[in-house]
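Here is the file my_file.tsv (TSV, C-alpha atoms (C1' of nucleotides)).
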```
chain	number	residue	atom	x	y	z
A	122	MET	CA	20.35	28.19	-11.82
A	123	GLU	CA	17.96	29.27	-9.10
A	124	LYS	CA	14.96	30.11	-11.21
A	125	GLN	CA	14.77	26.95	-13.24
A	126	ASN	CA	15.40	24.88	-10.22
A	127	LEU	CA	12.61	26.60	-8.41
A	128	ALA	CA	10.29	25.93	-11.30
A	129	LEU	CA	10.86	22.22	-10.86
A	130	MET	CA	10.35	22.45	-7.13
A	131	GLU	CA	7.22	24.50	-7.60
A	132	LEU	CA	5.82	21.94	-9.96
A	133	GLY	CA	6.45	19.21	-7.43
A	134	ARG	CA	4.80	21.17	-4.67
A	135	LEU	CA	1.92	21.97	-6.97
A	136	MET	CA	1.36	18.33	-7.73
A	137	ARG	CA	1.43	17.47	-4.05
A	138	GLU	CA	-1.19	20.11	-3.36
A	139	ILE	CA	-3.40	18.76	-6.11
A	140	PHE	CA	-2.82	15.20	-5.01
A	141	ARG	CA	-3.64	16.13	-1.45
A	142	GLY	CA	-6.84	17.80	-2.58
A	143	PHE	CA	-7.74	14.76	-4.62
A	144	LYS	CA	-7.19	12.41	-1.71
A	145	LYS	CA	-9.18	14.69	0.54
A	146	ARG	CA	-12.13	14.70	-1.82
A	147	ILE	CA	-11.87	10.98	-2.24
A	148	GLY	CA	-11.96	10.69	1.53
A	149	GLU	CA	-15.19	12.65	1.54
A	150	GLN	CA	-16.64	10.12	-0.86
A	151	ASN	CA	-19.64	8.04	-0.02
A	152	GLN	CA	-18.53	5.63	2.67
A	153	GLU	CA	-20.36	2.59	1.34
A	154	ASP	CA	-18.75	2.89	-2.03
A	155	ILE	CA	-15.58	1.19	-3.17
A	156	LYS	CA	-12.50	3.29	-2.57
A	157	ILE	CA	-9.35	3.21	-4.63
A	158	THR	CA	-6.01	4.89	-4.26
A	159	ALA	CA	-4.67	7.43	-6.69
A	160	GLU	CA	-2.41	4.85	-8.29
A	161	GLN	CA	-5.25	2.41	-8.67
A	162	PHE	CA	-7.35	5.14	-10.21
A	163	HIS	CA	-4.58	5.99	-12.55
A	164	LEU	CA	-4.11	2.43	-13.73
A	165	LEU	CA	-7.83	1.83	-14.05
A	166	ASN	CA	-8.16	4.99	-16.06
A	167	ALA	CA	-5.24	4.07	-18.28
A	168	ILE	CA	-6.70	0.65	-19.03
A	169	ASN	CA	-10.05	2.20	-19.75
A	170	LEU	CA	-8.60	4.82	-22.08
A	171	LYS	CA	-6.88	2.29	-24.32
A	172	GLN	CA	-8.78	1.45	-27.47
A	173	GLU	CA	-6.92	-1.80	-28.07
A	174	GLU	CA	-6.80	-4.79	-25.79
A	175	VAL	CA	-4.02	-4.52	-23.23
A	176	ILE	CA	-2.01	-6.99	-21.21
A	177	GLN	CA	-0.02	-6.36	-18.06
A	178	LYS	CA	3.22	-5.84	-19.91
A	179	ASP	CA	1.66	-3.02	-21.92
A	180	MET	CA	0.49	-1.25	-18.82
A	181	ALA	CA	3.94	-1.55	-17.27
A	182	GLU	CA	5.34	0.21	-20.32
A	183	ILE	CA	2.62	2.84	-20.46
A	184	MET	CA	2.88	3.65	-16.79
A	185	GLY	CA	6.65	3.42	-16.70
A	186	LYS	CA	6.73	0.96	-13.85
A	187	ASP	CA	8.08	-2.48	-13.19
A	188	LYS	CA	5.84	-5.31	-14.29
A	189	SER	CA	5.61	-6.58	-10.74
A	190	ALA	CA	4.35	-3.21	-9.54
A	191	ILE	CA	1.62	-3.38	-12.17
A	192	LEU	CA	0.87	-6.96	-11.26
A	193	ARG	CA	0.23	-6.01	-7.67
A	194	LEU	CA	-1.84	-3.01	-8.60
A	195	ILE	CA	-3.97	-5.26	-10.76
A	196	ASP	CA	-4.20	-7.77	-7.93
A	197	SER	CA	-5.63	-5.03	-5.76
A	198	LEU	CA	-8.05	-3.92	-8.45
A	199	GLU	CA	-9.11	-7.50	-9.12
A	200	GLU	CA	-9.72	-8.05	-5.43
A	201	LYS	CA	-12.17	-5.17	-5.53
A	202	GLU	CA	-13.63	-6.65	-8.72
A	203	LEU	CA	-12.94	-3.53	-10.72
A	204	VAL	CA	-10.78	-5.37	-13.21
A	205	ARG	CA	-10.51	-8.97	-14.41
A	206	ARG	CA	-7.78	-10.90	-16.10
A	207	ALA	CA	-8.79	-12.89	-19.16
A	208	VAL	CA	-6.32	-15.34	-20.66
A	209	ASP	CA	-5.62	-15.02	-24.36
A	210	LYS	CA	-6.78	-18.21	-26.06
A	211	ASN	CA	-4.03	-18.07	-28.64
A	212	ASP	CA	-1.20	-17.18	-26.30
A	213	ARG	CA	-1.87	-18.35	-22.82
A	214	ARG	CA	0.97	-16.31	-21.37
A	215	LYS	CA	-1.05	-13.16	-21.90
A	216	ASN	CA	-3.72	-11.78	-19.60
A	217	TYR	CA	-6.06	-9.29	-21.14
A	218	LEU	CA	-7.14	-6.67	-18.66
A	219	MET	CA	-10.88	-6.08	-18.59
A	220	VAL	CA	-12.60	-3.32	-16.67
A	221	THR	CA	-15.74	-4.64	-15.01
A	222	LYS	CA	-19.07	-2.82	-14.87
A	223	THR	CA	-18.32	-1.94	-11.28
A	224	GLY	CA	-14.93	-0.74	-12.41
A	225	GLU	CA	-16.52	1.58	-14.93
A	226	ARG	CA	-18.92	2.89	-12.35
A	227	VAL	CA	-16.23	3.55	-9.76
A	228	LEU	CA	-13.96	5.05	-12.40
A	229	LYS	CA	-16.71	7.43	-13.41
A	230	GLN	CA	-17.16	8.61	-9.84
A	231	TYR	CA	-13.49	9.36	-9.56
A	232	GLN	CA	-13.39	11.05	-12.92
A	233	ILE	CA	-16.11	13.37	-11.74
A	234	ILE	CA	-13.98	14.31	-8.75
A	235	ALA	CA	-10.98	14.82	-11.00
A	236	PHE	CA	-13.04	16.92	-13.39
A	237	GLN	CA	-14.37	19.08	-10.60
A	238	MET	CA	-10.84	19.54	-9.32
A	239	MET	CA	-9.69	20.64	-12.75
A	240	GLU	CA	-12.47	23.19	-12.89
A	241	ASP	CA	-11.49	24.60	-9.52
A	242	ILE	CA	-7.83	24.62	-10.37
A	243	GLN	CA	-8.34	26.41	-13.66
A	244	GLN	CA	-10.48	29.12	-12.14
A	245	GLY	CA	-9.43	32.54	-13.37
A	246	LEU	CA	-7.26	31.39	-16.26
A	247	SER	CA	-8.05	32.51	-19.76
A	248	VAL	CA	-8.67	30.06	-22.59
A	249	SER	CA	-5.51	31.26	-24.26
A	250	ASP	CA	-3.52	30.65	-21.09
A	251	LEU	CA	-4.91	27.16	-20.84
A	252	ASN	CA	-4.05	26.39	-24.43
A	253	THR	CA	-0.50	27.62	-23.93
A	254	PHE	CA	-0.27	25.60	-20.77
A	255	ARG	CA	-1.38	22.40	-22.50
A	256	ARG	CA	0.99	22.96	-25.36
A	257	ILE	CA	3.91	23.44	-22.98
A	258	ILE	CA	2.94	20.39	-20.97
A	259	GLU	CA	2.94	18.32	-24.14
A	260	HIS	CA	6.33	19.66	-25.08
A	261	ILE	CA	7.83	19.06	-21.67
A	262	LYS	CA	6.36	15.61	-21.58
A	263	ASP	CA	8.10	14.70	-24.81
A	264	ASN	CA	11.36	15.95	-23.36
A	265	ALA	CA	10.79	14.18	-20.07
A	266	ARG	CA	10.21	10.88	-21.81
A	267	LYS	CA	13.78	10.99	-23.09
A	268	LEU	CA	15.29	11.58	-19.66
B	220	MET	CA	-15.03	17.11	-19.81
B	221	GLU	CA	-12.43	15.17	-21.74
B	222	LYS	CA	-9.98	17.95	-22.43
B	223	GLN	CA	-9.64	19.36	-18.95
B	224	ASN	CA	-9.49	15.91	-17.51
B	225	LEU	CA	-6.70	15.01	-19.85
B	226	ALA	CA	-4.77	18.08	-18.77
B	227	LEU	CA	-4.81	16.86	-15.19
B	228	MET	CA	-3.81	13.38	-16.21
B	229	GLU	CA	-1.08	14.74	-18.38
B	230	LEU	CA	0.28	16.83	-15.55
B	231	GLY	CA	0.36	13.79	-13.29
B	232	ARG	CA	2.04	11.70	-15.93
B	233	LEU	CA	4.47	14.49	-16.61
B	234	MET	CA	5.49	14.67	-12.99
B	235	ARG	CA	5.93	10.94	-12.80
B	236	GLU	CA	8.15	11.01	-15.86
B	237	ILE	CA	10.26	13.76	-14.34
B	238	PHE	CA	10.42	12.02	-10.99
B	239	ARG	CA	11.36	8.77	-12.66
B	240	GLY	CA	14.07	10.52	-14.62
B	241	PHE	CA	15.38	12.14	-11.47
B	242	LYS	CA	15.51	8.85	-9.61
B	243	LYS	CA	17.26	7.27	-12.54
B	244	ARG	CA	19.92	9.96	-12.63
B	245	ILE	CA	20.35	9.76	-8.90
B	246	GLY	CA	20.91	6.05	-9.28
B	247	GLU	CA	23.67	6.74	-11.76
B	248	GLN	CA	25.46	8.89	-9.17
B	249	ASN	CA	29.04	8.34	-8.14
B	250	GLN	CA	29.20	5.22	-6.02
B	251	GLU	CA	31.59	6.46	-3.37
B	252	ASP	CA	29.53	9.49	-2.56
B	253	ILE	CA	26.64	9.70	-0.15
B	254	LYS	CA	23.37	8.84	-1.83
B	255	ILE	CA	20.00	10.23	-0.94
B	256	THR	CA	16.54	9.47	-2.22
B	257	ALA	CA	14.41	11.95	-4.11
B	258	GLU	CA	12.34	12.65	-1.00
B	259	GLN	CA	15.43	13.19	1.10
B	260	PHE	CA	16.76	15.59	-1.49
B	261	HIS	CA	13.50	17.40	-1.53
B	262	LEU	CA	13.43	17.87	2.22
B	263	LEU	CA	17.09	18.80	2.42
B	264	ASN	CA	16.58	21.36	-0.30
B	265	ALA	CA	13.49	22.78	1.38
B	266	ILE	CA	15.31	23.19	4.68
B	267	ASN	CA	18.20	24.81	2.92
B	268	LEU	CA	15.99	27.22	1.00
B	269	LYS	CA	14.35	28.62	4.10
B	270	GLN	CA	15.79	31.88	5.31
B	271	GLU	CA	14.39	31.56	8.81
B	272	GLU	CA	15.13	28.81	11.28
B	273	VAL	CA	12.81	25.83	10.84
B	274	ILE	CA	11.57	23.06	13.06
B	275	GLN	CA	10.07	19.74	12.05
B	276	LYS	CA	6.52	20.97	12.29
B	277	ASP	CA	7.27	23.71	9.77
B	278	MET	CA	8.68	21.25	7.30
B	279	ALA	CA	5.63	19.04	7.68
B	280	GLU	CA	3.47	22.00	6.73
B	281	ILE	CA	5.68	23.15	3.91
B	282	MET	CA	5.95	19.70	2.41
B	283	GLY	CA	2.32	18.82	3.03
B	284	LYS	CA	3.13	15.65	4.90
B	285	ASP	CA	2.46	14.16	8.29
B	286	LYS	CA	4.90	15.15	10.99
B	287	SER	CA	5.88	11.51	11.46
B	288	ALA	CA	6.81	11.23	7.81
B	289	ILE	CA	9.05	14.26	8.19
B	290	LEU	CA	10.49	12.90	11.41
B	291	ARG	CA	11.56	9.73	9.68
B	292	LEU	CA	12.99	11.54	6.72
B	293	ILE	CA	15.03	13.66	9.11
B	294	ASP	CA	16.12	10.56	10.96
B	295	SER	CA	17.47	9.21	7.71
B	296	LEU	CA	19.20	12.48	6.88
B	297	GLU	CA	20.66	12.72	10.34
B	298	GLU	CA	21.98	9.19	10.10
B	299	LYS	CA	23.91	10.26	7.02
B	300	GLU	CA	25.02	13.37	8.91
B	301	LEU	CA	23.51	15.70	6.36
B	302	VAL	CA	21.26	17.35	8.91
B	303	ARG	CA	21.35	17.84	12.68
B	304	ARG	CA	18.67	18.59	15.22
B	305	ALA	CA	19.40	21.38	17.67
B	306	VAL	CA	17.08	21.90	20.61
B	307	ASP	CA	15.68	25.38	21.11
B	308	LYS	CA	16.98	26.68	24.44
B	309	ASN	CA	13.84	28.66	25.14
B	310	ASP	CA	11.36	25.99	24.12
B	311	ARG	CA	12.76	22.55	24.49
B	312	ARG	CA	9.95	20.98	22.50
B	313	LYS	CA	11.40	22.43	19.33
B	314	ASN	CA	14.19	21.01	17.23
B	315	TYR	CA	15.86	23.39	14.84
B	316	LEU	CA	16.97	21.68	11.66
B	317	MET	CA	20.52	22.45	10.65
B	318	VAL	CA	22.12	21.42	7.37
B	319	THR	CA	25.68	20.21	7.92
B	320	LYS	CA	28.65	21.03	5.70
B	321	THR	CA	28.40	17.58	4.23
B	322	GLY	CA	24.71	18.19	3.72
B	323	GLU	CA	25.45	21.32	1.75
B	324	ARG	CA	28.01	19.52	-0.36
B	325	VAL	CA	25.72	16.61	-1.14
B	326	LEU	CA	22.81	18.95	-1.76
B	327	LYS	CA	24.87	20.85	-4.28
B	328	GLN	CA	25.65	17.68	-6.19
B	329	TYR	CA	21.99	16.82	-6.42
B	330	GLN	CA	21.02	20.32	-7.35
B	331	ILE	CA	23.32	20.03	-10.31
B	332	ILE	CA	21.45	16.95	-11.41
B	333	ALA	CA	18.13	18.70	-10.89
B	334	PHE	CA	19.39	21.72	-12.79
B	335	GLN	CA	20.55	19.60	-15.67
B	336	MET	CA	17.17	17.89	-15.72
B	337	MET	CA	15.43	21.24	-15.90
B	338	GLU	CA	17.62	22.26	-18.80
B	339	ASP	CA	16.80	19.08	-20.67
B	340	ILE	CA	13.13	19.38	-19.92
B	341	GLN	CA	12.92	22.97	-21.10
B	342	GLN	CA	14.71	22.28	-24.35
B	343	GLY	CA	12.95	23.95	-27.24
B	344	LEU	CA	10.69	26.24	-25.24
B	345	SER	CA	10.87	29.98	-25.73
B	346	VAL	CA	11.52	32.37	-22.88
B	347	SER	CA	8.03	33.75	-23.30
B	348	ASP	CA	6.58	30.24	-23.08
B	349	LEU	CA	8.51	29.60	-19.90
B	350	ASN	CA	7.31	32.83	-18.35
B	351	THR	CA	3.71	32.04	-19.19
B	352	PHE	CA	4.20	28.57	-17.82
B	353	ARG	CA	5.57	29.87	-14.51
B	354	ARG	CA	2.79	32.42	-14.22
B	355	ILE	CA	0.14	29.75	-14.77
B	356	ILE	CA	1.81	27.43	-12.31
B	357	GLU	CA	1.71	30.18	-9.69
B	358	HIS	CA	-1.93	30.78	-10.40
B	359	ILE	CA	-2.82	27.11	-10.27
B	360	LYS	CA	-0.85	26.74	-7.09
B	361	ASP	CA	-2.91	29.41	-5.41
B	362	ASN	CA	-6.08	27.67	-6.52
B	363	ALA	CA	-4.76	24.28	-5.47
B	364	ARG	CA	-4.02	25.50	-2.00
B	365	LYS	CA	-7.71	26.15	-1.46
B	366	LEU	CA	-8.77	22.68	-2.51
C	144	DA	C1'	-2.42	23.85	40.25
C	145	DA	C1'	-5.01	21.79	36.65
C	146	DA	C1'	-6.25	21.71	31.94
C	147	DA	C1'	-5.19	22.47	27.30
C	148	DT	C1'	-2.02	22.85	23.70
C	149	DT	C1'	2.15	21.95	21.16
C	150	DA	C1'	6.27	19.40	19.14
C	151	DG	C1'	8.11	15.40	18.75
C	152	DT	C1'	8.07	10.37	18.97
C	153	DT	C1'	6.61	5.46	18.42
C	154	DG	C1'	3.85	1.46	16.84
C	155	DC	C1'	1.15	-0.26	13.44
C	156	DA	C1'	-0.85	-0.71	8.95
C	157	DT	C1'	-0.78	0.11	4.11
C	158	DA	C1'	0.91	1.35	-0.34
C	159	DT	C1'	4.27	1.40	-3.61
C	160	DG	C1'	8.19	0.01	-5.93
C	161	DT	C1'	12.57	-2.44	-7.60
C	162	DC	C1'	15.40	-6.43	-8.49
C	163	DA	C1'	16.27	-11.10	-9.16
C	164	DA	C1'	14.77	-15.70	-9.59
C	165	DT	C1'	11.15	-18.84	-11.18
C	166	DT	C1'	7.37	-20.83	-13.92
C	167	DA	C1'	4.79	-21.65	-17.91
C	168	DA	C1'	3.96	-20.90	-22.64
C	169	DT	C1'	5.47	-19.88	-27.08
C	170	DT	C1'	8.79	-19.23	-30.84
C	171	DA	C1'	13.26	-19.90	-33.04
C	172	DT	C1'	17.12	-22.83	-34.00
C	173	DT	C1'	19.69	-26.78	-34.89
D	22	DA	C1'	11.35	-33.19	-33.26
D	23	DA	C1'	14.34	-31.85	-29.60
D	24	DT	C1'	16.69	-28.05	-27.70
D	25	DA	C1'	17.43	-23.29	-26.89
D	26	DA	C1'	15.89	-18.69	-26.47
D	27	DT	C1'	12.36	-15.52	-25.57
D	28	DT	C1'	8.24	-13.74	-23.48
D	29	DA	C1'	4.54	-12.75	-19.86
D	30	DA	C1'	3.38	-13.39	-15.54
D	31	DT	C1'	4.43	-14.48	-10.92
D	32	DT	C1'	6.76	-14.67	-6.42
D	33	DG	C1'	9.99	-13.46	-2.70
D	34	DA	C1'	13.01	-10.37	-0.51
D	35	DC	C1'	13.65	-5.96	0.54
D	36	DA	C1'	13.47	-0.68	0.82
D	37	DT	C1'	10.98	3.52	0.96
D	38	DA	C1'	7.24	6.32	2.01
D	39	DT	C1'	3.30	7.71	4.43
D	40	DG	C1'	-0.65	8.31	7.42
D	41	DC	C1'	-3.21	7.63	11.83
D	42	DA	C1'	-3.61	7.16	16.59
D	43	DA	C1'	-1.69	6.91	20.96
D	44	DC	C1'	1.83	8.64	23.91
D	45	DT	C1'	5.51	11.74	26.19
D	46	DA	C1'	7.49	15.88	27.49
D	47	DA	C1'	7.45	20.75	27.53
D	48	DT	C1'	5.02	24.92	27.57
D	49	DT	C1'	0.96	27.94	27.80
D	50	DT	C1'	-3.71	28.98	29.23
D	51	DT	C1'	-7.22	29.03	32.52
```
With the file now loaded, output its structure as structure tokens.
Amino acid sequence: MEKQNLALMELGRLMREIFRGFKKRIGEQNQEDIKITAEQFHLLNAINLKQEEVIQKDMAEIMGKDKSAILRLIDSLEEKELVRRAVDKNDRRKNYLMVTKTGERVLKQYQIIAFQMMEDIQQGLSVSDLNTFRRIIEHIKDNARKL
Amino acid sequence: MEKQNLALMELGRLMREIFRGFKKRIGEQNQEDIKITAEQFHLLNAINLKQEEVIQKDMAEIMGKDKSAILRLIDSLEEKELVRRAVDKNDRRKNYLMVTKTGERVLKQYQIIAFQMMEDIQQGLSVSDLNTFRRIIEHIKDNARKL
DNA sequence: AAAATTAGTTGCATATGTCAATTAATTATT
DNA sequence: AATAATTAATTGACATATGCAACTAATTTT
């Protein structure tokens, strides 16, 4: 039991380290620029990634959170003018989520940080290792989704 | 840039899925028994794992959190009588953290859940895959620490 | 003895998140 | 067409988590 358990713990600790590093680098960001939290970044990124139009409900599903949590995250992003809600003309219950130009710019800055972090984190790993790692992550993710 | 970036995102998402699953299973726990949150479990487990005596400061370092965050987590664990603080006789600034019998019992219950989760998550992966995965995690962890 | 350091504590602010109830809009049913 | 059911978003109440800065008490350094 010990080993597997440890693996889970290690993964958690690992993520905290990475998260900590990410926050630290964000903190070192240009002061005058708009700052967002990791969760805000994550949501912004997820909206941006989607090819199709998305509404709040979709994001709640994608991010595995309550719709009210998403609503408040979007509130915070809208306040910073990184995202706007646009009502669907055909179904006025729906708000399409639109990333603003500022949103794209800020997102890009954060992506650069994330990219740099990935580079640093992957230092010293072979291409084959990385491929195996990605494959396993995908596999685990599928399993985790069913939990 | 895309691929590496995705790997980071995937890892984050993966952890959230696992964490979500863990919380869900915790929620399904036996009503009459003492319930703890995921963070409480994590701290309790970390204290328990340590071979040497630990004080709050140590746990803050180990868990990568502010000492006040740890303090409050310990408050909550102490309230449930899962942990006790014992003042160091030689240095009365220090509180040694002791897991109670109840703490051990509760911890064991949650470890079983965590263990079961690990089993489910690892379904379908070969032993060699798992070993590679652990090795990479270790490597990444070393890199992450330097971030 | 005074100054500096250390461990723990407290107050305050913020972020995040869930659940349940409510509102408004739309769709299905009688 | 009127009523009922469903859907998306919102709000309120509440719990958890976390960091920062200021403070206290104990110990160590100067």
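The nearest approach to chain C among the residues A:Lys222, A:Lys210, A:Lys267, A:Lys229, with only C-alpha atoms (C1' of nucleotides) taken into account, belongs to A:Lys210.
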Report, to one decimal in Å, the C-alpha RMSD of chain A against chain B after an in-order least-squares superposition over all those atoms. 0.5 Å
Name the closest residue to chain B among the candidates A:Val208, A:Met184, A:Ile168, A:Val227; distances are taken between atoms, counting all atoms listed in the file.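 Under the stated criterion, the closest residue is A:Met184.
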Sorted per-residue table, segment 269-291 of chain B near segment 31-43 of chain D, closest atoms and distance, 10 Å, only C-alpha atoms (C1' of nucleotides), as JSON lines:
```
{"residue": "B:Lys284", "atom": "CA", "partner": "D:DT39", "partner_atom": "C1'", "distance": 8.0}
{"residue": "B:Asp285", "atom": "CA", "partner": "D:DG40", "partner_atom": "C1'", "distance": 6.7}
{"residue": "B:Lys286", "atom": "CA", "partner": "D:DG40", "partner_atom": "C1'", "distance": 9.5}
{"residue": "B:Ser287", "atom": "CA", "partner": "D:DG40", "partner_atom": "C1'", "distance": 8.3}
{"residue": "B:Ala288", "atom": "CA", "partner": "D:DT39", "partner_atom": "C1'", "distance": 6.0}
{"residue": "B:Ile289", "atom": "CA", "partner": "D:DT39", "partner_atom": "C1'", "distance": 9.5}
{"residue": "B:Arg291", "atom": "CA", "partner": "D:DA38", "partner_atom": "C1'", "distance": 9.4}
```
Would you mind listing, as a list of chain:residue names, all residues of chain C that have at least one atom within 12 Å of chain B, where only C-alpha atoms (C1' of nucleotides) are what counts? C:DT149, C:DA150, C:DG151, C:DT152, C:DT153, C:DG154, C:DG160, C:DT161
Generate a file of the selected residues that holds C-alpha atoms (C1' of nucleotides), formatted as a PDB file, in the frame of the given file.
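Contents of part.pdb, freshly written:
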```
ATOM      1  C1'  DT C 149       2.150  21.950  21.160  1.00  0.00           C
ATOM      2  C1'  DA C 150       6.270  19.400  19.140  1.00  0.00           C
ATOM      3  C1'  DG C 151       8.110  15.400  18.750  1.00  0.00           C
ATOM      4  C1'  DT C 152       8.070  10.370  18.970  1.00  0.00           C
ATOM      5  C1'  DT C 153       6.610   5.460  18.420  1.00  0.00           C
ATOM      6  C1'  DG C 154       3.850   1.460  16.840  1.00  0.00           C
ATOM      7  C1'  DG C 160       8.190   0.010  -5.930  1.00  0.00           C
ATOM      8  C1'  DT C 161      12.570  -2.440  -7.600  1.00  0.00           C
TER       9       DT C 161
END
```
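Relative to atom CA of Asn166 of chain A, atom CA of Asp241 of chain A is found at 20.9 Å.
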Taking all atoms listed in the file into account, name the residue in B:Phe352, B:Phe260, B:Tyr329, B:Tyr315 that is nearest to chain A.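 Checking each candidate against chain A, we get B:Phe352 as the closest.
For the pair atom CA of Lys243 of chain B and atom CA of Ile293 of chain B, the separation is 22.7 Å.
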Just give me the gap between atom CA of Gln259 of chain B and atom C1' of DT159 of chain C in Å, one decimal is fine. 16.9 Å
Residue among A:Leu218, A:Ile242, A:Arg205, A:Asp263 lying closest to chain B, counting only C-alpha atoms: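 Of A:Leu218, A:Ile242, A:Arg205, A:Asp263, the one nearest chain B is A:Ile242, counting only C-alpha atoms.
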